[in-house]
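S.K.: Input structure: my_file.txt, which contains compact mmCIF, C-alpha atoms.
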# COMPACT_ATOMS: atom_id res chain seq x y z
CA MET D 1 -8.99 -5.41 11.97
CA SER D 2 -8.58 -3.51 8.77
CA LEU D 3 -9.92 -4.52 5.38
CA VAL D 4 -7.64 -2.02 3.68
CA ARG D 5 -4.54 -3.39 5.37
CA ASP D 6 -5.64 -6.95 4.67
CA LEU D 7 -6.10 -6.16 0.98
CA ALA D 8 -2.92 -4.14 0.68
CA SER D 9 -0.89 -6.84 2.38
CA LYS D 10 -2.23 -9.42 -0.08
CA LEU D 11 -0.99 -7.42 -3.03
CA HIS D 12 2.43 -8.34 -4.32
CA ALA D 13 4.40 -7.40 -7.38
CA PRO D 14 4.45 -10.35 -9.76
CA THR D 15 7.63 -12.18 -10.65
CA ALA D 16 5.80 -14.47 -13.11
CA TRP D 17 2.24 -14.84 -14.35
CA SER D 18 0.00 -17.87 -14.55
CA THR D 19 -1.35 -18.61 -18.03
CA ARG D 20 -4.87 -18.46 -16.56
CA PRO D 21 -6.73 -15.72 -18.44
CA LEU D 22 -8.61 -12.95 -16.65
CA GLU D 23 -12.34 -13.59 -16.60
CA ASP D 24 -14.49 -10.79 -18.04
CA ASP D 25 -16.35 -10.29 -14.77
CA VAL D 26 -13.07 -9.94 -12.88
CA LEU D 27 -11.94 -7.32 -15.36
CA ALA D 28 -15.28 -5.54 -15.02
CA ALA D 29 -14.91 -5.52 -11.22
CA LEU D 30 -11.45 -3.97 -11.52
CA LEU D 31 -12.70 -1.21 -13.78
CA GLY D 32 -15.76 -0.82 -11.55
CA ALA D 33 -13.56 -0.25 -8.49
CA ALA D 34 -11.52 2.33 -10.39
CA ARG D 35 -14.61 4.06 -11.68
CA ILE D 36 -15.91 4.94 -8.22
CA ALA D 37 -12.63 6.46 -7.02
CA PRO D 38 -12.79 10.04 -5.74
CA SER D 39 -11.48 12.77 -8.05
CA ALA D 40 -11.01 16.54 -8.06
CA ASP D 41 -14.33 18.19 -8.89
CA ASN D 42 -15.51 14.61 -9.41
CA ALA D 43 -14.22 15.09 -12.94
CA GLN D 44 -13.25 11.41 -13.34
CA THR D 45 -10.75 12.24 -16.04
CA TRP D 46 -9.44 8.70 -16.21
CA ARG D 47 -9.71 6.82 -19.50
CA PHE D 48 -8.82 3.13 -19.31
CA VAL D 49 -8.04 1.06 -22.36
CA THR D 50 -7.94 -2.69 -21.81
CA VAL D 51 -5.52 -4.46 -24.10
CA ARG D 52 -5.71 -8.18 -24.78
CA ASP D 53 -5.00 -8.16 -28.51
CA PRO D 54 -1.45 -9.55 -29.00
CA GLN D 55 -0.38 -6.87 -31.49
CA ARG D 56 -1.55 -3.97 -29.32
CA HIS D 57 -0.10 -5.70 -26.29
CA ALA D 58 3.28 -5.85 -28.01
CA ALA D 59 3.08 -2.22 -29.09
CA LEU D 60 2.19 -1.15 -25.57
CA THR D 61 5.05 -3.04 -23.93
CA ARG D 62 7.49 -1.40 -26.36
CA ALA D 63 6.41 1.96 -24.92
CA VAL D 64 7.41 1.21 -21.34
CA SER D 65 10.91 1.48 -19.92
CA ASP D 66 13.40 -1.36 -20.41
CA ASN D 67 13.27 -2.51 -16.81
CA GLU D 68 9.47 -2.87 -16.88
CA ARG D 69 9.20 -4.46 -20.31
CA ALA D 70 9.92 -8.12 -19.51
CA ILE D 71 7.29 -8.47 -16.79
CA LEU D 72 4.69 -6.54 -18.80
CA THR D 73 5.30 -8.59 -21.94
CA GLU D 74 4.22 -11.77 -20.19
CA ALA D 75 1.15 -10.27 -18.48
CA PRO D 76 -2.20 -11.65 -19.71
CA VAL D 77 -3.86 -8.22 -19.65
CA LEU D 78 -2.59 -4.67 -19.87
CA ILE D 79 -4.65 -1.61 -19.08
CA ALA D 80 -3.43 1.74 -20.35
CA ALA D 81 -4.41 4.40 -17.82
CA LEU D 82 -4.87 7.73 -19.56
CA ALA D 83 -6.53 11.02 -18.75
CA GLU D 84 -8.30 13.84 -20.42
CA PRO D 85 -6.68 16.74 -18.57
CA TRP D 86 -9.15 18.85 -16.65
CA ILE D 87 -8.63 22.39 -15.52
CA ILE D 88 -9.25 22.82 -11.81
CA ARG D 89 -10.04 26.32 -10.69
CA SER D 90 -7.67 26.49 -7.79
CA ALA D 91 -5.07 28.53 -6.02
CA ARG D 92 -2.75 25.85 -7.33
CA ALA D 93 -4.13 25.67 -10.86
CA GLU D 94 -0.77 24.53 -12.16
CA GLN D 95 -1.31 21.16 -10.51
CA PRO D 96 -2.03 18.48 -13.10
CA PHE D 97 -4.81 16.81 -11.14
CA PHE D 98 -5.00 13.88 -13.51
CA MET D 99 -1.65 12.78 -12.07
CA VAL D 100 -3.36 12.63 -8.69
CA ASP D 101 -6.72 11.23 -9.66
CA VAL D 102 -5.71 8.53 -12.11
CA PRO D 103 -3.20 6.95 -9.69
CA ILE D 104 -5.94 7.01 -7.03
CA ALA D 105 -8.24 5.13 -9.39
CA ILE D 106 -5.40 2.69 -10.10
CA VAL D 107 -5.02 2.04 -6.37
CA HIS D 108 -8.72 1.23 -6.16
CA MET D 109 -8.10 -1.20 -9.00
CA CYS D 110 -5.08 -2.69 -7.18
CA LEU D 111 -7.02 -3.28 -3.96
CA GLN D 112 -9.80 -4.89 -5.97
CA ALA D 113 -7.16 -7.04 -7.69
CA ALA D 114 -5.84 -8.10 -4.29
CA GLU D 115 -9.34 -9.15 -3.29
CA VAL D 116 -9.58 -11.66 -6.14
CA GLY D 117 -5.98 -12.87 -5.88
CA LEU D 118 -4.48 -11.12 -8.88
CA ALA D 119 -0.96 -9.79 -9.13
CA VAL D 120 -0.46 -6.26 -10.42
CA ARG D 121 2.43 -4.28 -11.81
CA VAL D 122 2.03 -0.57 -12.49
CA ALA D 123 4.53 1.04 -14.85
CA PHE D 124 4.79 4.82 -14.74
CA ASP D 125 8.06 5.09 -16.62
CA LEU D 126 7.02 5.09 -20.26
CA ASP D 127 6.92 6.86 -23.57
CA GLU D 128 3.63 8.75 -23.70
CA ALA D 129 3.47 9.04 -27.48
CA GLY D 130 4.19 5.33 -27.80
CA VAL D 131 1.38 4.39 -25.41
CA ARG D 132 -1.06 6.72 -27.15
CA ALA D 133 -0.18 5.19 -30.50
CA ALA D 134 -0.50 1.64 -29.17
CA VAL D 135 -4.03 2.21 -27.90
CA ARG D 136 -5.00 4.75 -30.58
CA ALA D 137 -5.70 7.48 -28.03
CA PRO D 138 -6.15 11.11 -29.11
CA THR D 139 -3.02 13.26 -28.77
CA SER D 140 -4.92 15.44 -26.27
CA PHE D 141 -4.87 12.55 -23.81
CA ARG D 142 -2.10 12.29 -21.24
CA VAL D 143 -0.69 8.90 -20.32
CA VAL D 144 -0.37 8.12 -16.63
CA ALA D 145 0.60 4.45 -16.40
CA VAL D 146 0.30 0.99 -17.85
CA VAL D 147 -1.20 -1.55 -15.47
CA ALA D 148 -0.29 -5.21 -15.98
CA LEU D 149 -2.67 -7.77 -14.48
CA GLY D 150 -2.81 -11.49 -14.16
CA TYR D 151 -3.00 -14.41 -11.82
CA PRO D 152 0.32 -15.18 -10.16
CA THR D 153 1.99 -18.54 -10.68
CA THR D 154 1.11 -21.13 -8.08
CA ASP D 155 4.58 -21.03 -6.53
CA TYR D 156 4.17 -17.30 -6.11
CA MET E 1 -18.94 -8.67 -4.18
CA SER E 2 -16.26 -6.07 -3.81
CA LEU E 3 -14.78 -4.86 -0.55
CA VAL E 4 -13.29 -1.84 -2.27
CA ARG E 5 -16.61 -0.80 -3.75
CA ASP E 6 -18.37 -1.44 -0.45
CA LEU E 7 -15.89 0.75 1.39
CA ALA E 8 -15.83 3.48 -1.25
CA SER E 9 -19.60 3.61 -1.35
CA LYS E 10 -19.71 4.08 2.43
CA LEU E 11 -17.49 7.12 2.24
CA HIS E 12 -19.28 10.43 2.07
CA ALA E 13 -18.19 14.02 2.31
CA PRO E 14 -19.29 15.43 5.66
CA THR E 15 -21.81 18.23 5.95
CA ALA E 16 -21.47 18.31 9.74
CA TRP E 17 -19.41 16.49 12.35
CA SER E 18 -20.43 14.74 15.52
CA THR E 19 -18.72 15.99 18.68
CA ARG E 20 -17.55 12.42 19.32
CA PRO E 21 -13.76 12.51 19.45
CA LEU E 22 -11.61 10.16 17.41
CA GLU E 23 -10.24 7.33 19.49
CA ASP E 24 -6.45 6.93 19.46
CA ASP E 25 -6.65 3.40 18.06
CA VAL E 26 -8.89 4.59 15.21
CA LEU E 27 -6.37 7.29 14.40
CA ALA E 28 -3.56 4.74 14.55
CA ALA E 29 -5.46 2.48 12.13
CA LEU E 30 -5.90 5.36 9.68
CA LEU E 31 -2.20 6.17 9.74
CA GLY E 32 -1.41 2.45 9.56
CA ALA E 33 -3.48 2.08 6.39
CA ALA E 34 -1.73 5.07 4.84
CA ARG E 35 1.68 3.79 5.87
CA ILE E 36 1.38 0.58 3.82
CA ALA E 37 0.34 2.34 0.60
CA PRO E 38 2.48 1.65 -2.46
CA SER E 39 4.88 4.39 -3.52
CA ALA E 40 7.45 5.05 -6.25
CA ASP E 41 10.70 3.28 -5.37
CA ASN E 42 8.88 2.46 -2.12
CA ALA E 43 10.21 5.83 -0.95
CA GLN E 44 7.19 6.50 1.30
CA THR E 45 7.81 10.23 1.19
CA TRP E 46 4.62 11.02 3.08
CA ARG E 47 4.87 12.86 6.37
CA PHE E 48 1.62 13.09 8.30
CA VAL E 49 1.08 15.53 11.14
CA THR E 50 -1.99 14.93 13.27
CA VAL E 51 -3.45 18.11 14.69
CA ARG E 52 -5.80 18.13 17.66
CA ASP E 53 -4.43 21.14 19.53
CA PRO E 54 -6.99 23.98 19.12
CA GLN E 55 -4.40 26.65 18.29
CA ARG E 56 -2.66 24.58 15.62
CA HIS E 57 -6.05 23.48 14.33
CA ALA E 58 -7.06 27.12 13.90
CA ALA E 59 -3.77 28.00 12.20
CA LEU E 60 -4.15 25.07 9.83
CA THR E 61 -7.71 25.93 8.83
CA ARG E 62 -6.59 29.49 8.04
CA ALA E 63 -4.22 28.01 5.45
CA VAL E 64 -6.93 26.30 3.39
CA SER E 65 -9.10 27.96 0.78
CA ASP E 66 -12.21 29.90 1.82
CA ASN E 67 -14.63 27.30 0.53
CA GLU E 68 -13.00 24.51 2.55
CA ARG E 69 -12.47 26.46 5.75
CA ALA E 70 -15.90 26.15 7.38
CA ILE E 71 -16.10 22.37 7.23
CA LEU E 72 -12.47 21.95 8.31
CA THR E 73 -12.85 24.33 11.24
CA GLU E 74 -15.48 22.09 12.83
CA ALA E 75 -13.62 18.81 12.22
CA PRO E 76 -12.40 17.06 15.39
CA VAL E 77 -9.07 16.06 13.84
CA LEU E 78 -6.97 17.43 11.00
CA ILE E 79 -4.06 15.64 9.43
CA ALA E 80 -1.60 17.66 7.39
CA ALA E 81 -0.31 15.47 4.58
CA LEU E 82 3.17 16.55 3.57
CA ALA E 83 6.06 15.07 1.66
CA GLU E 84 9.79 15.10 1.57
CA PRO E 85 10.28 15.29 -2.20
CA TRP E 86 12.21 12.36 -3.60
CA ILE E 87 14.05 12.27 -6.86
CA ILE E 88 12.94 9.38 -9.01
CA ARG E 89 15.41 8.27 -11.64
CA SER E 90 13.01 8.14 -14.52
CA ALA E 91 12.45 9.01 -18.13
CA ARG E 92 9.94 11.42 -16.66
CA ALA E 93 12.08 12.74 -13.83
CA GLU E 94 10.18 16.00 -13.85
CA GLN E 95 7.19 14.24 -12.32
CA PRO E 96 6.74 15.21 -8.68
CA PHE E 97 6.00 11.72 -7.46
CA PHE E 98 5.02 12.91 -4.02
CA MET E 99 1.89 14.34 -5.65
CA VAL E 100 1.06 10.81 -6.76
CA ASP E 101 2.14 8.85 -3.73
CA VAL E 102 0.78 11.01 -0.93
CA PRO E 103 -2.74 11.11 -2.44
CA ILE E 104 -2.56 7.33 -2.81
CA ALA E 105 -1.73 7.05 0.89
CA ILE E 106 -4.61 9.42 1.64
CA VAL E 107 -6.98 7.15 -0.29
CA HIS E 108 -5.85 4.21 1.82
CA MET E 109 -6.66 6.38 4.82
CA CYS E 110 -10.07 7.27 3.38
CA LEU E 111 -11.02 3.64 2.77
CA GLN E 112 -9.91 2.79 6.29
CA ALA E 113 -12.03 5.71 7.53
CA ALA E 114 -15.03 4.33 5.65
CA GLU E 115 -14.53 0.99 7.36
CA VAL E 116 -14.97 2.52 10.81
CA GLY E 117 -17.76 4.91 9.82
CA LEU E 118 -15.82 8.16 9.72
CA ALA E 119 -16.49 11.04 7.38
CA VAL E 120 -13.54 12.57 5.55
CA ARG E 121 -12.85 15.80 3.72
CA VAL E 122 -9.61 16.25 1.82
CA ALA E 123 -8.58 19.83 1.00
CA PHE E 124 -5.96 20.24 -1.71
CA ASP E 125 -6.52 23.94 -2.27
CA LEU E 126 -4.33 25.60 0.32
CA ASP E 127 -1.46 27.89 1.13
CA GLU E 128 1.61 25.69 1.45
CA ALA E 129 3.63 28.13 3.55
CA GLY E 130 0.67 28.57 5.89
CA VAL E 131 0.28 24.83 6.40
CA ARG E 132 4.00 24.36 6.98
CA ALA E 133 3.98 27.13 9.56
CA ALA E 134 0.89 25.71 11.30
CA VAL E 135 2.48 22.30 11.78
CA ARG E 136 6.07 23.60 12.11
CA ALA E 137 7.27 21.59 9.12
CA PRO E 138 10.67 22.27 7.53
CA THR E 139 10.56 24.53 4.46
CA SER E 140 11.97 21.66 2.40
CA PHE E 141 8.69 19.77 2.87
CA ARG E 142 5.95 20.09 0.26
CA VAL E 143 2.33 20.24 1.34
CA VAL E 144 -0.10 17.95 -0.45
CA ALA E 145 -3.40 18.22 1.42
CA VAL E 146 -5.15 18.68 4.70
CA VAL E 147 -7.38 15.78 5.70
CA ALA E 148 -10.30 16.49 8.02
CA LEU E 149 -11.69 13.52 9.94
CA GLY E 150 -14.54 12.91 12.32
CA TYR E 151 -17.66 10.96 12.97
CA PRO E 152 -20.62 12.24 11.01
CA THR E 153 -23.69 13.55 12.78
CA THR E 154 -26.37 10.96 13.38
CA ASP E 155 -28.72 12.48 10.81
CA TYR E 156 -25.94 12.19 8.25
How would this structure read if it were set down as structure tokens?
M.R.:
Amino acid sequence: MSLVRDLASKLHAPTAWSTRPLEDDVLAALLGAARIAPSADNAQTWRFVTVRDPQRHAALTRAVSDNERAILTEAPVLIAALAEPWIIRSARAEQPFFMVDVPIAIVHMCLQAAEVGLAVRVAFDLDEAGVRAAVRAPTSFRVVAVVALGYPTTDY
Amino acid sequence: MSLVRDLASKLHAPTAWSTRPLEDDVLAALLGAARIAPSADNAQTWRFVTVRDPQRHAALTRAVSDNERAILTEAPVLIAALAEPWIIRSARAEQPFFMVDVPIAIVHMCLQAAEVGLAVRVAFDLDEAGVRAAVRAPTSFRVVAVVALGYPTTDY
């Protein structure tokens, strides 16, 4: 028995999305699962921007790589996963810990998504400046990924 | 209800370990949870080395930073989390994806550990060459972290 394996095995990359919108409480649970992820120095540098507005959604999808764009364009909700970089006092201070901690928070979000039957696509290959512009993030923020969420089609 | 939040909230950093050894099937479940983590290009670059031999255990703890050493020294099991770096064809090819994917696998392991009541400490601040030598890993491998695992003391 393993809850983690059960959840992870439920999670599939979407090929198409249902038109069913994401309920607010589902979205809150996803962000809640991400929020309690562990992080270096417990700095919690993640900054999530939920995008449902069609214009911002379009701007955000233009900032991801060509091979991710089609599936993200059709997703009911996008979440831009950003970070305020945080300096870790460490023997390996050069390590950008936000690139560790934000993906960890995203995985929490993915497992939570699996629990409620959502499909998830995480795009890491993107234009940082384009994402920042789309969600009006400060230039000091780094962009980690864009997370696309939605219910899968019934024949999924 | 959220399984992820339930698991994450069960997980605490250890202050002391029970002498109870980790059962082989528990260890297998931890590695099994890590093994099914998502990774870039599904490359699964993680390489985990479980250390229970006292001499290797001692060598491994010498390779972590001073402030992690005491708690790792007493841990019943250490797992060295390494990676064979993998080149991702990406607009951001400079990103060392193993530093994203191996921590994600470690988080799967941590949530699995929470499920069976284990305490976990993950040390990222370490001497890579020292860890490689302790677990006899090839020099081409990168070191991501050392994971200390054990049952917590009863007054935990």
S.K.: Using all atoms listed in the file for the distances, tell me which of E:Asp101, E:Glu68, E:Glu23, E:Glu74 is nearest to chain D.
M.R.: E:Asp101
S.K.: At what distance in Å, to one decimal, does CA of Ala129 in chain E lie from CA of Phe97 in chain E?
M.R.: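 It comes out at 19.9 Å.
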S.K.: I need the contact residues of chain D against chain E, so if you could list those with any atom within 8 Å, counting only C-alpha atoms, and return them as a list in words, that would help.
M.R.: Ser2, Leu3, Val4, Arg5, Ala8, Ser9, Ala29, Gly32, Ala33, Ile36, Ala37, Ser65, Ser90, Ala91, Arg92, Met99, Val100, Pro103, Ile104, Val107, His108, Leu111, Gln112, Glu115, Asp125 and Leu126 of chain D
S.K.: Quote the spacing between CA of Ala13 in chain D and CA of Ala28 in chain E in Å to one decimal place.
M.R.: 26.3 Å
S.K.: Distance CA of Arg52 in chain E-CA of Arg69 in chain E, one decimal place?
M.R.: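 Atom-to-atom, CA of Arg52 in chain E to CA of Arg69 in chain E, that is 16.0 Å.
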S.K.: So which residues touch Leu149 in chain D within 6 Å, counting all atoms listed in the file, skipping near sequence neighbours fewer than 5 positions away, as a ChimeraX atom specification?
M.R.: /D:77,119-120
S.K.: Kindly save the residues from that selection, with C-alpha atoms included, as a PDB file, in the frame of the given file.
M.R.:
ATOM      1  CA  VAL D  77      -3.860  -8.220 -19.650  1.00  0.00           C
ATOM      2  CA  ALA D 119      -0.960  -9.790  -9.130  1.00  0.00           C
ATOM      3  CA  VAL D 120      -0.460  -6.260 -10.420  1.00  0.00           C
TER       4      VAL D 120
END
S.K.: Could you give me, as number ranges by chain, the residues that sit within 7 Å of (-7.1, 1.2, -20.4) in the file's coordinates, counting only C-alpha atoms?
M.R.: D: 47-51, 79-82
S.K.: Restricted to C-alpha atoms, what would the selected residues look like written as an mmCIF file, in the coordinates of the input?
M.R.:
data_model
loop_
_atom_site.group_PDB
_atom_site.id
_atom_site.type_symbol
_atom_site.label_atom_id
_atom_site.label_comp_id
_atom_site.auth_asym_id
_atom_site.auth_seq_id
_atom_site.Cartn_x
_atom_site.Cartn_y
_atom_site.Cartn_z
ATOM 1 C CA ARG D 47 -9.710 6.820 -19.500
ATOM 2 C CA PHE D 48 -8.820 3.130 -19.310
ATOM 3 C CA VAL D 49 -8.040 1.060 -22.360
ATOM 4 C CA THR D 50 -7.940 -2.690 -21.810
ATOM 5 C CA VAL D 51 -5.520 -4.460 -24.100
ATOM 6 C CA ILE D 79 -4.650 -1.610 -19.080
ATOM 7 C CA ALA D 80 -3.430 1.740 -20.350
ATOM 8 C CA ALA D 81 -4.410 4.400 -17.820
ATOM 9 C CA LEU D 82 -4.870 7.730 -19.560
#
S.K.: In file coordinates, which residues lie within 9 Å of (0.4, -2.1, -26.7) using only C-alpha atoms, given as a list of chain:residue names?
M.R.: D:Val51, D:Arg52, D:Asp53, D:Pro54, D:Gln55, D:Arg56, D:His57, D:Ala58, D:Ala59, D:Leu60, D:Thr61, D:Arg62, D:Ala63, D:Leu78, D:Ala80, D:Gly130, D:Val131, D:Arg132, D:Ala133, D:Ala134, D:Val135
